[in-house]
$ cat target.txt   # compact mmCIF, C-alpha atoms
# COMPACT_ATOMS: atom_id res chain seq x y z
CA MET A 22 133.04 -86.31 67.19
CA LYS A 23 133.33 -86.44 63.43
CA ARG A 24 130.49 -89.00 63.27
CA LYS A 25 128.26 -86.66 65.31
CA ASN A 26 129.00 -83.85 62.83
CA TYR A 27 128.03 -86.09 59.94
CA TRP A 28 124.66 -86.85 61.52
CA PHE A 29 124.12 -83.15 62.19
CA LEU A 30 124.89 -82.25 58.57
CA PHE A 31 122.67 -85.08 57.33
CA ALA A 32 119.75 -83.77 59.45
CA ILE A 33 120.18 -80.26 57.99
CA LEU A 34 120.25 -81.68 54.45
CA LEU A 35 117.11 -83.75 55.06
CA PHE A 36 115.26 -80.75 56.47
CA SER A 37 116.27 -78.64 53.45
CA LEU A 38 115.00 -81.23 50.96
CA THR A 39 111.73 -81.55 52.83
CA SER A 40 111.12 -77.80 52.84
CA LEU A 41 111.71 -77.67 49.08
CA SER A 42 109.17 -80.39 48.28
CA PRO A 43 105.92 -79.17 46.63
CA SER A 44 102.86 -79.30 48.81
CA PHE A 45 99.24 -79.47 47.59
CA GLU A 46 96.06 -78.63 49.43
CA PHE A 47 93.04 -80.48 48.12
CA THR A 48 89.44 -79.77 49.02
CA LYS A 49 88.29 -81.94 51.86
CA HIS A 50 85.69 -84.56 51.00
CA ILE A 51 82.34 -83.48 52.42
CA GLY A 52 78.75 -84.62 52.24
CA SER A 53 77.11 -87.97 51.57
CA ASP A 54 77.86 -88.52 47.90
CA PRO A 55 77.26 -91.62 45.76
CA PRO A 56 79.96 -94.27 45.54
CA GLY A 57 82.44 -93.96 42.72
CA LYS A 58 86.03 -93.17 41.89
CA GLU A 59 87.57 -90.26 43.76
CA PRO A 60 87.78 -87.21 41.50
CA VAL A 61 91.06 -85.90 40.16
CA PRO A 62 91.93 -82.78 42.19
CA PRO A 63 92.06 -79.40 40.42
CA SER A 64 95.11 -79.04 38.20
CA GLN A 65 98.28 -77.94 39.98
CA THR A 66 100.19 -77.42 36.73
CA PRO A 67 101.31 -73.93 35.66
CA ASP A 68 98.77 -71.78 33.85
CA THR A 69 98.45 -72.25 30.11
CA PRO A 70 100.37 -69.49 28.31
CA GLU A 71 98.26 -66.52 27.23
CA SER A 72 99.18 -67.32 23.62
CA ASP A 73 96.77 -70.30 23.70
CA LEU A 74 93.96 -69.06 21.47
CA GLY A 75 92.38 -72.40 20.74
CA PRO A 76 90.58 -73.62 18.88
CA ILE A 77 88.15 -74.93 21.49
CA GLN A 78 84.71 -76.47 21.07
CA ILE A 79 81.60 -75.72 23.11
CA ALA A 80 78.86 -78.41 23.03
CA VAL A 81 75.46 -76.91 23.79
CA GLN A 82 71.94 -78.12 24.48
CA MET A 83 69.51 -75.47 23.24
CA ASP A 84 67.02 -74.51 20.55
CA ASP A 85 67.77 -72.51 17.39
CA ALA A 86 66.73 -69.12 18.82
CA GLU A 87 69.00 -69.60 21.83
CA LEU A 88 71.79 -70.78 19.56
CA ASP A 89 71.62 -67.53 17.58
CA THR A 90 71.96 -65.54 20.82
CA LEU A 91 74.91 -67.65 21.98
CA HIS A 92 76.65 -67.19 18.63
CA GLN A 93 76.39 -63.42 19.09
CA MET A 94 77.81 -63.66 22.60
CA ASN A 95 80.59 -65.94 21.37
CA GLU A 96 81.49 -63.55 18.53
CA GLN A 97 81.88 -60.84 21.14
CA PHE A 98 84.24 -63.08 23.14
CA MET A 99 86.34 -63.97 20.07
CA GLU A 100 86.68 -60.32 19.03
CA LYS A 101 87.75 -59.43 22.56
CA THR A 102 90.33 -62.22 22.97
CA GLY A 103 91.32 -63.25 19.45
CA ALA A 104 90.52 -66.86 20.38
CA GLU A 105 88.88 -69.39 18.06
CA VAL A 106 85.74 -70.91 19.62
CA GLU A 107 83.34 -73.26 17.83
CA ILE A 108 79.75 -73.84 19.04
CA ILE A 109 78.45 -77.39 18.45
CA PRO A 110 74.75 -78.22 19.10
CA LEU A 111 73.98 -81.50 20.84
CA GLU A 112 71.20 -83.80 19.67
CA THR A 113 67.82 -84.19 21.34
CA LEU A 114 67.60 -84.98 25.05
CA GLY A 115 66.63 -88.63 24.59
CA SER A 116 69.88 -89.80 22.98
CA SER A 117 72.47 -87.03 23.33
CA GLU A 118 73.80 -87.99 26.77
CA GLU A 119 74.72 -91.47 25.57
CA SER A 120 76.29 -90.21 22.35
CA LEU A 121 78.21 -87.56 24.28
CA ILE A 122 79.56 -90.17 26.72
CA GLN A 123 80.62 -92.36 23.80
CA LYS A 124 82.44 -89.47 22.12
CA MET A 125 84.20 -88.47 25.32
CA SER A 126 85.20 -92.08 25.99
CA LEU A 127 86.98 -92.00 22.63
CA GLY A 128 88.71 -88.73 23.49
CA GLU A 129 86.63 -86.81 20.93
CA GLY A 130 84.61 -84.66 23.32
CA PRO A 131 84.39 -80.85 23.43
CA ASP A 132 86.25 -78.50 25.75
CA VAL A 133 83.14 -77.01 27.39
CA LEU A 134 79.63 -78.31 27.95
CA PHE A 135 76.48 -76.16 28.22
CA ILE A 136 73.94 -78.77 29.31
CA ASP A 137 71.11 -79.74 31.63
CA SER A 138 72.41 -79.56 35.21
CA HIS A 139 71.07 -83.09 35.84
CA TRP A 140 73.90 -84.44 33.63
CA ILE A 141 76.76 -82.83 35.56
CA LYS A 142 77.13 -85.22 38.48
CA SER A 143 76.84 -88.30 36.24
CA LEU A 144 79.60 -87.03 33.93
CA ALA A 145 81.77 -86.04 36.91
CA VAL A 146 81.55 -89.51 38.46
CA LYS A 147 82.60 -91.00 35.11
CA GLY A 148 85.68 -88.76 35.10
CA PHE A 149 84.71 -86.59 32.14
CA LEU A 150 84.71 -83.18 33.87
CA ARG A 151 87.33 -80.95 35.43
CA PRO A 152 86.44 -79.65 38.92
CA ILE A 153 86.08 -75.92 39.43
CA ASP A 154 88.99 -74.88 41.65
CA ALA A 155 88.37 -72.19 44.25
CA SER A 156 90.92 -69.98 42.46
CA GLN A 157 88.88 -70.31 39.26
CA ALA A 158 85.54 -69.27 40.77
CA VAL A 159 83.99 -66.99 38.15
CA VAL A 160 80.82 -66.26 40.11
CA PRO A 161 80.79 -65.67 43.89
CA ASP A 162 78.79 -68.36 45.68
CA SER A 163 76.76 -65.65 47.36
CA GLN A 164 75.36 -64.59 43.97
CA LEU A 165 74.35 -68.06 42.78
CA LEU A 166 71.00 -69.48 43.81
CA GLY A 167 71.98 -72.20 46.28
CA GLY A 168 69.11 -74.49 45.29
CA LEU A 169 70.74 -74.97 41.87
CA LEU A 170 74.17 -75.93 43.18
CA SER A 171 73.52 -79.45 44.52
CA SER A 172 73.22 -80.84 40.97
CA VAL A 173 76.75 -79.71 40.10
CA GLN A 174 78.49 -80.75 43.33
CA TRP A 175 79.99 -84.15 44.15
CA ASN A 176 82.68 -85.49 46.49
CA GLY A 177 83.43 -82.06 47.89
CA TYR A 178 84.02 -80.44 44.49
CA GLN A 179 81.96 -78.25 42.20
CA TRP A 180 81.95 -79.56 38.61
CA GLY A 181 79.92 -76.92 36.81
CA ILE A 182 78.45 -73.44 37.15
CA PRO A 183 74.66 -72.96 36.93
CA PHE A 184 73.93 -70.55 34.07
CA ASP A 185 70.18 -70.25 33.68
CA MET A 186 66.92 -71.71 34.93
CA ASP A 187 63.39 -72.22 33.63
CA PRO A 188 60.67 -72.80 36.24
CA TYR A 189 57.65 -74.85 35.13
CA VAL A 190 54.34 -73.03 35.35
CA LEU A 191 50.64 -73.62 34.72
CA ALA A 192 48.75 -71.40 32.28
CA TRP A 193 44.96 -71.22 32.19
CA GLN A 194 42.08 -68.98 31.18
CA ALA A 195 40.73 -67.18 34.22
CA ASP A 196 37.28 -65.68 33.67
CA GLU A 197 33.81 -65.73 35.18
CA GLU A 198 32.91 -68.98 33.39
CA THR A 199 35.91 -70.93 34.71
CA VAL A 200 37.88 -70.18 37.87
CA SER A 201 39.89 -67.24 39.13
CA GLU A 202 42.37 -69.44 41.02
CA LEU A 203 43.69 -72.95 40.42
CA PRO A 204 43.11 -75.77 42.93
CA SER A 205 45.73 -76.23 45.64
CA SER A 206 45.22 -79.89 46.64
CA ARG A 207 44.75 -83.25 44.97
CA LYS A 208 41.13 -83.46 46.14
CA SER A 209 40.30 -80.00 44.78
CA TRP A 210 41.94 -80.90 41.45
CA GLN A 211 39.78 -84.02 41.26
CA ASP A 212 36.66 -81.94 41.91
CA PHE A 213 37.79 -79.44 39.28
CA LYS A 214 38.26 -82.27 36.79
CA LYS A 215 34.70 -83.46 37.35
CA SER A 216 33.38 -80.01 36.51
CA MET A 217 35.17 -80.14 33.13
CA GLY A 218 33.43 -83.30 31.93
CA ASN A 219 35.33 -85.11 29.19
CA LYS A 220 37.83 -82.33 28.52
CA PRO A 221 41.42 -83.20 29.43
CA LEU A 222 42.64 -81.28 32.45
CA PHE A 223 46.37 -80.87 31.70
CA VAL A 224 48.07 -80.26 28.35
CA LEU A 225 51.78 -81.14 28.26
CA ASP A 226 54.64 -82.60 26.24
CA PRO A 227 55.15 -86.31 27.05
CA GLU A 228 58.83 -86.00 26.09
CA ASP A 229 59.40 -83.29 28.69
CA PRO A 230 60.06 -84.90 32.10
CA TYR A 231 59.85 -81.53 33.82
CA ALA A 232 56.29 -80.94 32.59
CA PHE A 233 55.28 -84.35 33.96
CA ALA A 234 57.02 -83.51 37.24
CA ALA A 235 55.09 -80.22 37.46
CA ALA A 236 51.80 -82.10 36.98
CA VAL A 237 52.73 -84.53 39.77
CA SER A 238 53.72 -81.63 42.00
CA ALA A 239 50.45 -79.80 41.30
CA LEU A 240 48.64 -82.92 42.53
CA SER A 241 50.65 -82.74 45.79
CA GLY A 242 53.02 -85.57 44.83
CA ASP A 243 56.77 -86.10 44.87
CA PRO A 244 58.01 -85.68 41.26
CA ALA A 245 61.09 -87.85 41.87
CA ARG A 246 58.99 -90.77 43.18
CA PRO A 247 55.30 -90.20 42.35
CA HIS A 248 52.72 -91.96 44.49
CA LYS A 249 50.81 -94.81 42.85
CA GLU A 250 47.49 -92.95 43.11
CA ILE A 251 48.82 -89.99 41.14
CA LEU A 252 50.39 -92.19 38.49
CA SER A 253 47.12 -94.05 38.07
CA MET A 254 45.39 -90.72 37.45
CA LEU A 255 47.82 -89.60 34.75
CA VAL A 256 48.65 -92.72 32.71
CA PRO A 257 46.52 -94.57 30.12
CA PRO A 258 43.73 -95.45 30.03
CA THR A 259 42.59 -93.18 32.86
CA GLY A 260 45.17 -90.60 31.91
CA ALA A 261 43.49 -90.01 28.56
CA SER A 262 40.80 -88.02 30.34
CA TRP A 263 43.36 -86.13 32.45
CA LEU A 264 46.09 -85.38 29.91
CA LYS A 265 46.25 -84.10 26.37
CA LEU A 266 49.71 -84.88 25.00
CA THR A 267 51.59 -82.85 22.41
CA ASP A 268 55.31 -82.55 21.73
CA ASP A 269 54.90 -79.37 19.67
CA VAL A 270 55.43 -75.99 21.34
CA ALA A 271 53.24 -74.33 18.70
CA ALA A 272 50.45 -76.75 19.58
CA LEU A 273 50.85 -75.84 23.25
CA MET A 274 50.38 -72.19 22.37
CA GLU A 275 47.31 -73.05 20.30
CA GLU A 276 45.81 -74.59 23.41
CA ILE A 277 46.47 -71.33 25.23
CA GLU A 278 44.87 -69.27 22.48
CA GLY A 279 41.95 -71.62 21.92
CA ASP A 280 38.62 -71.55 23.73
CA ASN A 281 38.99 -74.36 26.27
CA ALA A 282 39.31 -74.84 29.99
CA SER A 283 42.48 -76.96 29.99
CA VAL A 284 45.58 -76.04 31.99
CA VAL A 285 48.79 -75.97 29.94
CA ILE A 286 51.98 -77.04 31.76
CA ALA A 287 55.28 -75.91 30.28
CA ALA A 288 58.47 -73.97 30.98
CA TYR A 289 58.21 -70.29 31.85
CA SER A 290 60.16 -69.37 28.69
CA VAL A 291 57.45 -70.91 26.46
CA PHE A 292 55.13 -68.13 27.60
CA ARG A 293 57.66 -65.31 27.32
CA ARG A 294 55.49 -63.55 24.76
CA ASP A 295 52.28 -61.92 25.97
CA LEU A 296 49.46 -64.33 26.75
CA PRO A 297 45.97 -63.85 25.29
CA GLU A 298 43.70 -61.63 27.35
CA GLY A 299 42.24 -63.41 30.35
CA TYR A 300 45.04 -65.97 30.65
CA ARG A 301 47.27 -66.23 33.68
CA LEU A 302 50.47 -67.97 34.65
CA TRP A 303 50.59 -69.77 37.99
CA LEU A 304 53.82 -70.52 39.79
CA PRO A 305 52.90 -72.66 42.82
CA ASP A 306 53.90 -71.27 46.19
CA TYR A 307 56.12 -74.22 47.05
CA SER A 308 57.23 -72.67 50.34
CA THR A 309 53.77 -73.11 51.84
CA GLU A 310 53.16 -76.50 50.24
CA LYS A 311 56.51 -77.80 51.55
CA ARG A 312 57.37 -79.14 48.10
CA LYS A 313 60.49 -78.54 46.04
CA PRO A 314 60.11 -76.32 42.97
CA VAL A 315 60.22 -77.88 39.51
CA VAL A 316 62.94 -75.97 37.69
CA ARG A 317 65.05 -76.93 34.71
CA SER A 318 68.56 -75.54 35.07
CA ARG A 319 71.51 -75.61 32.71
CA SER A 320 75.16 -75.37 33.66
CA VAL A 321 78.50 -74.82 31.97
CA ALA A 322 81.41 -77.16 32.71
CA VAL A 323 84.98 -77.72 31.47
CA THR A 324 85.80 -81.26 30.35
CA SER A 325 88.75 -83.18 31.73
CA GLN A 326 90.15 -83.88 28.26
CA SER A 327 90.41 -80.23 27.21
CA GLU A 328 93.96 -79.29 26.22
CA SER A 329 93.08 -75.59 26.52
CA SER A 330 91.49 -75.58 29.96
CA GLN A 331 92.56 -72.00 30.75
CA LEU A 332 90.97 -70.69 27.56
CA ALA A 333 87.90 -72.83 28.21
CA MET A 334 87.62 -71.39 31.72
CA ALA A 335 88.04 -67.87 30.32
CA TRP A 336 85.08 -68.53 28.00
CA VAL A 337 82.99 -69.79 30.92
CA SER A 338 83.96 -66.73 32.96
CA GLU A 339 82.88 -64.40 30.18
CA MET A 340 79.57 -66.14 29.57
CA THR A 341 78.64 -66.14 33.26
CA SER A 342 79.33 -62.43 33.70
CA LYS A 343 76.40 -60.23 34.67
CA GLU A 344 76.47 -58.49 31.30
CA MET A 345 76.11 -61.76 29.39
CA GLU A 346 73.55 -63.19 31.81
CA ARG A 347 71.38 -60.10 31.31
CA LYS A 348 71.64 -60.32 27.52
CA TRP A 349 70.74 -64.02 27.67
CA ALA A 350 67.67 -63.40 29.85
CA GLU A 351 66.38 -60.57 27.70
CA SER A 352 66.89 -62.50 24.44
CA THR A 353 65.75 -66.02 25.38
CA GLY A 354 63.28 -65.72 28.24
CA LYS A 355 65.40 -68.05 30.38
CA LEU A 356 66.03 -66.75 33.87
CA PRO A 357 69.55 -66.15 35.26
CA ALA A 358 71.04 -68.33 37.97
CA LEU A 359 72.22 -65.19 39.76
CA SER A 360 70.05 -63.91 42.59
CA ASP A 361 70.81 -60.25 41.74
CA PHE A 362 68.36 -60.30 38.83
CA TYR A 363 65.24 -60.98 40.88
CA SER A 364 64.52 -57.50 42.08
CA ILE A 365 61.06 -56.57 40.78
CA THR A 366 62.62 -53.48 39.17
CA ASP A 367 65.13 -55.42 37.05
CA SER A 368 64.38 -55.00 33.34
CA ALA A 369 65.93 -58.38 32.45
CA ILE A 370 62.73 -60.01 33.73
CA ASN A 371 60.15 -58.49 31.43
CA ARG A 372 56.92 -59.33 33.23
CA SER A 373 54.11 -57.76 35.21
CA GLU A 374 54.78 -56.63 38.76
CA SER A 375 52.73 -59.52 40.18
CA TRP A 376 54.69 -62.07 38.14
CA LYS A 377 57.99 -60.54 39.18
CA GLU A 378 56.86 -60.93 42.76
CA SER A 379 56.21 -64.65 42.09
CA LEU A 380 59.73 -65.01 40.71
CA ASP A 381 61.12 -63.18 43.70
CA ARG A 382 59.40 -65.76 45.95
CA LEU A 383 60.98 -68.50 43.84
CA ARG A 384 64.39 -66.84 44.24
CA SER A 385 63.88 -66.64 47.99
CA LEU A 386 62.96 -70.33 48.11
CA LEU A 387 65.92 -71.42 45.96
CA GLU A 388 68.25 -69.61 48.31
CA ARG A 389 67.15 -72.07 51.03
CA GLU A 390 65.91 -75.23 49.30
CA GLU A 391 67.04 -77.44 46.42
CA ALA A 392 65.15 -77.66 43.15
CA VAL A 393 63.55 -81.07 42.64
CA LYS A 394 65.82 -83.78 41.21
CA LEU A 395 64.23 -85.99 38.56
CA ASP A 396 66.29 -89.11 39.08
CA PHE A 397 64.25 -91.72 41.01
CA GLY A 398 66.52 -90.94 43.95
CA ARG A 399 69.60 -92.16 42.02
CA TRP A 400 72.60 -89.98 41.27
CA ASP A 401 72.68 -91.19 37.63
CA GLY A 402 68.95 -91.59 37.07
CA PHE A 403 67.96 -88.58 34.96
CA LEU A 404 68.22 -90.27 31.55
CA MET A 405 66.32 -93.25 32.94
CA TYR A 406 63.68 -90.92 34.40
CA SER A 407 63.22 -89.07 31.09
CA ARG A 408 62.76 -92.25 29.09
CA SER A 409 60.44 -93.77 31.66
CA VAL A 410 58.16 -90.73 31.71
CA SER A 411 57.84 -90.88 27.93
CA ASP A 412 57.14 -94.63 27.99
CA LEU A 413 54.64 -94.24 30.84
CA LEU A 414 52.62 -91.45 29.23
CA ASN A 415 52.65 -93.11 25.81
CA GLY A 416 51.39 -96.41 27.24
CA HIS A 417 54.64 -98.39 26.79
CA MET A 418 55.29 -98.83 30.52
CA THR A 419 53.02 -99.78 33.41
CA VAL A 420 52.76 -97.97 36.73
CA GLU A 421 54.35 -100.97 38.45
CA GLU A 422 57.33 -100.97 36.06
CA PHE A 423 57.78 -97.26 36.58
CA ARG A 424 57.77 -97.59 40.36
CA GLU A 425 60.24 -100.48 40.33
CA GLN A 426 62.96 -98.00 39.42
CA TYR A 427 62.65 -96.00 42.63
CA LYS A 428 65.70 -96.23 44.85
CA VAL A 429 63.41 -96.57 47.85
CA SER A 430 59.95 -98.02 47.26
CA SER A 431 57.08 -95.68 48.00
CA LYS A 432 54.71 -96.76 50.73
$ encode --input "target.txt" --output "C-alpha cells"
Amino acid sequence: MKRKNYWFLFAILLFSLTSLSPSFEFTKHIGSDPPGKEPVPPSQTPDTPESDLGPIQIAVQMDDAELDTLHQMNEQFMEKTGAEVEIIPLETLGSSEESLIQKMSLGEGPDVLFIDSHWIKSLAVKGFLRPIDASQAVVPDSQLLGGLLSSVQWNGYQWGIPFDMDPYVLAWQADEETVSELPSSRKSWQDFKKSMGNKPLFVLDPEDPYAFAAAVSALSGDPARPHKEILSMLVPPTGASWLKLTDDVAALMEEIEGDNASVVIAAYSVFRRDLPEGYRLWLPDYSTEKRKPVVRSRSVAVTSQSESSQLAMAWVSEMTSKEMERKWAESTGKLPALSDFYSITDSAINRSESWKESLDRLRSLLEREEAVKLDFGRWDGFLMYSRSVSDLLNGHMTVEEFREQYKVSSK
C-alpha cells in the first residue's frame, strides 16, 4: 500500500513540474523558401527595461536630400523619447552590401537597417536579422501593399517592414510632331525606333538595375530573365542606337528639358518636380499586360546583433507611423508602402488627377501581385544582377554570359 502511495505522489509531482515548464509557440514554417539555416525564432526573453535609451545606430541607403528629412524625423523621435539614435549612411549600391555583411560578420553592424528590400532575404538567411514577431507588428498587414511583402519574408517569418516604394516610369515629349501615346508591344517599339532614325530610343542610368528592368518590361520581356532577343537589342554594339547611358540625374533631367524624341526611364521620384510643358509620365498598365510592375522598395529591419532591440523596434514603429510616412512622401517624392495613401484625394501624392489614378491602379495591382524581383530567379541574386546589368550595358559582359546566370535557362 505504501509503495502505491509513493507512485501516486510521484505522478502528482511529475505533473506539477510539467505544468510549470515554459512553453513557446513558434510560427509554423510555410511556403517554398530557399535552402538555408532555420531562422532563430523571435526573442522570448523579457522586454528590455524602458530605461534603455541607447545609443543605437541606423544604417540607411538614401541620397542627401532624403537624409536631411530622416534626420528631422529622427530628431523628433529623440525629443519624444530621450533616446540617442545615430544615422549612418551606407555607401553606393555596388559595394555596400558586401561591406555591410563584412561589418556584421565582425559584430560591428548597426541596430537597424533602412535598405533596398531586395537585400532583406539574403541578410535573413545569413542570420543577420531579427524576425518581426506578431506581437511587434507596427503596421497591420491589411495596410501594407502585399506585393511588397514577399521580398521581406522567408521561412515563415517576416524580417523587415516595407517603408516606401518608387515605381519606374517612362517620360517623353508628347506633341503633334511625335506621338501622343507610347508603344505597347515589342513590334510597335521597333517600328517607333525606325521612325527616330539614329537617335537613341531610351535614356537611362546603366548603374540602375531597375531602369534596365523597366526597359526590358516595356519591350514585353521578363526583367528577371530577359529574352535573348531583347538583350541583343539593348547591349553594344546594337544597343548604342537604342540606349543613351548616363549615371547623372541632372543629365537625365536635361534630356527631359531638351528638344529630342527620346524616352527617359527613371524612378518616379526623379520627376517629382513639374515636367516641362508637353511632357508626360507613363506608368505601364501591368494588369493588362500580365507583367509584374518594376518598383524599387526599401524596408526597415532590426539586426540580430542589436543589444537594444526594444528601442530599435520602437524607432521602427515611429518611422512607419502614418504621420511619418506622410511627411516622408511629401518631402522626398517616394511613395508610401501603405495602401491608405493612394486615394486620389490624398495630398501626400502631389500629382495631377490622371497621374493619381495611375498610382491607384498600381496600388490595386500590388495588393494582388508581387513586384518584379531582380535576382535571376535566385534568392541571393540581387547584387549579382546589379553588377551584371552594369557590365552588360557598358560592354564588359556578353549576352551569353549574362544569360548563364539565370536559375532556369530561357527558351
$ axis_aligned_box --input "target.txt" --around "stretch 98-108 of chain A" --padding-each-side "5 Å" --output "JSON"
{"center_x": 85.5, "center_y": -66.6, "center_z": 20.5, "size_x": 21.6, "size_y": 24.4, "size_z": 15.3}
$ atom_distance --input "target.txt" --atom1 "atom CA of A:Ser283" --atom2 "atom CA of A:Leu266"
11.8 Å
$ atom_distance --input "target.txt" --atom1 "atom CA of A:Glu388" --atom2 "atom CA of A:Ser290"
21.2 Å
$ atom_distance --input "target.txt" --atom1 "atom CA of A:Ala192" --atom2 "atom CA of A:Ala239"
12.4 Å
$ closest_residue --input "target.txt" --among "A:Asp185, A:Glu328, A:Glu202, A:Glu298" --to "A:Gly130" --atoms "all atoms listed in the file"
A:Glu328
$ closest_residue --input "target.txt" --among "A:Glu339, A:Asp396, A:Asp137, A:Glu390" --to "A:Met186" --atoms "only C-alpha atoms"
A:Asp137
$ closest_residue --input "target.txt" --among "A:Gln194, A:Ser171, A:Gln164, A:Ser238" --to "A:Arg384" --atoms "only C-alpha atoms"
A:Gln164
$ residues_around --input "target.txt" --residues "A:Pro183" --least-positions-apart "6" --cutoff "8 Å" --atoms "all atoms listed in the file" --output "list in words"
Ser138, Leu165, Leu169, Leu170, Val173, Ser318, Arg319, Ser320, Val321 and Ala358 of chain A
$ residues_around --input "target.txt" --residues "A:Pro221" --least-positions-apart "3" --cutoff "6 Å" --atoms "all atoms listed in the file" --output "PDB file with C-alpha atoms, in the frame of the given file"
ATOM      1  CA  SER A 262      40.800 -88.020  30.340  1.00  0.00           C
ATOM      2  CA  TRP A 263      43.360 -86.130  32.450  1.00  0.00           C
ATOM      3  CA  LEU A 264      46.090 -85.380  29.910  1.00  0.00           C
ATOM      4  CA  LYS A 265      46.250 -84.100  26.370  1.00  0.00           C
TER       5      LYS A 265
END
$ closest_residue --input "target.txt" --among "A:Glu87, A:Val81, A:Trp175, A:Thr267" --to "A:Asp229" --atoms "all atoms listed in the file"
A:Thr267
$ closest_residue --input "target.txt" --among "A:Met94, A:Met418, A:Ala80, A:Leu380" --to "A:Leu356" --atoms "all atoms listed in the file"
A:Leu380
$ closest_residue --input "target.txt" --among "A:Glu105, A:Leu273, A:Phe292, A:Pro244" --to "A:Thr353" --atoms "all atoms listed in the file"
A:Phe292
$ residues_around --input "target.txt" --residues "A:Glu228" --least-positions-apart "3" --cutoff "10 Å" --atoms "only C-alpha atoms" --output "list in words"
Leu114, Gly115, Leu225, Tyr231, Ala232, Phe233, Leu266, Thr267, Asp268, Ser407, Arg408, Ser409, Val410, Ser411, Asp412, Leu414 and Asn415 of chain A
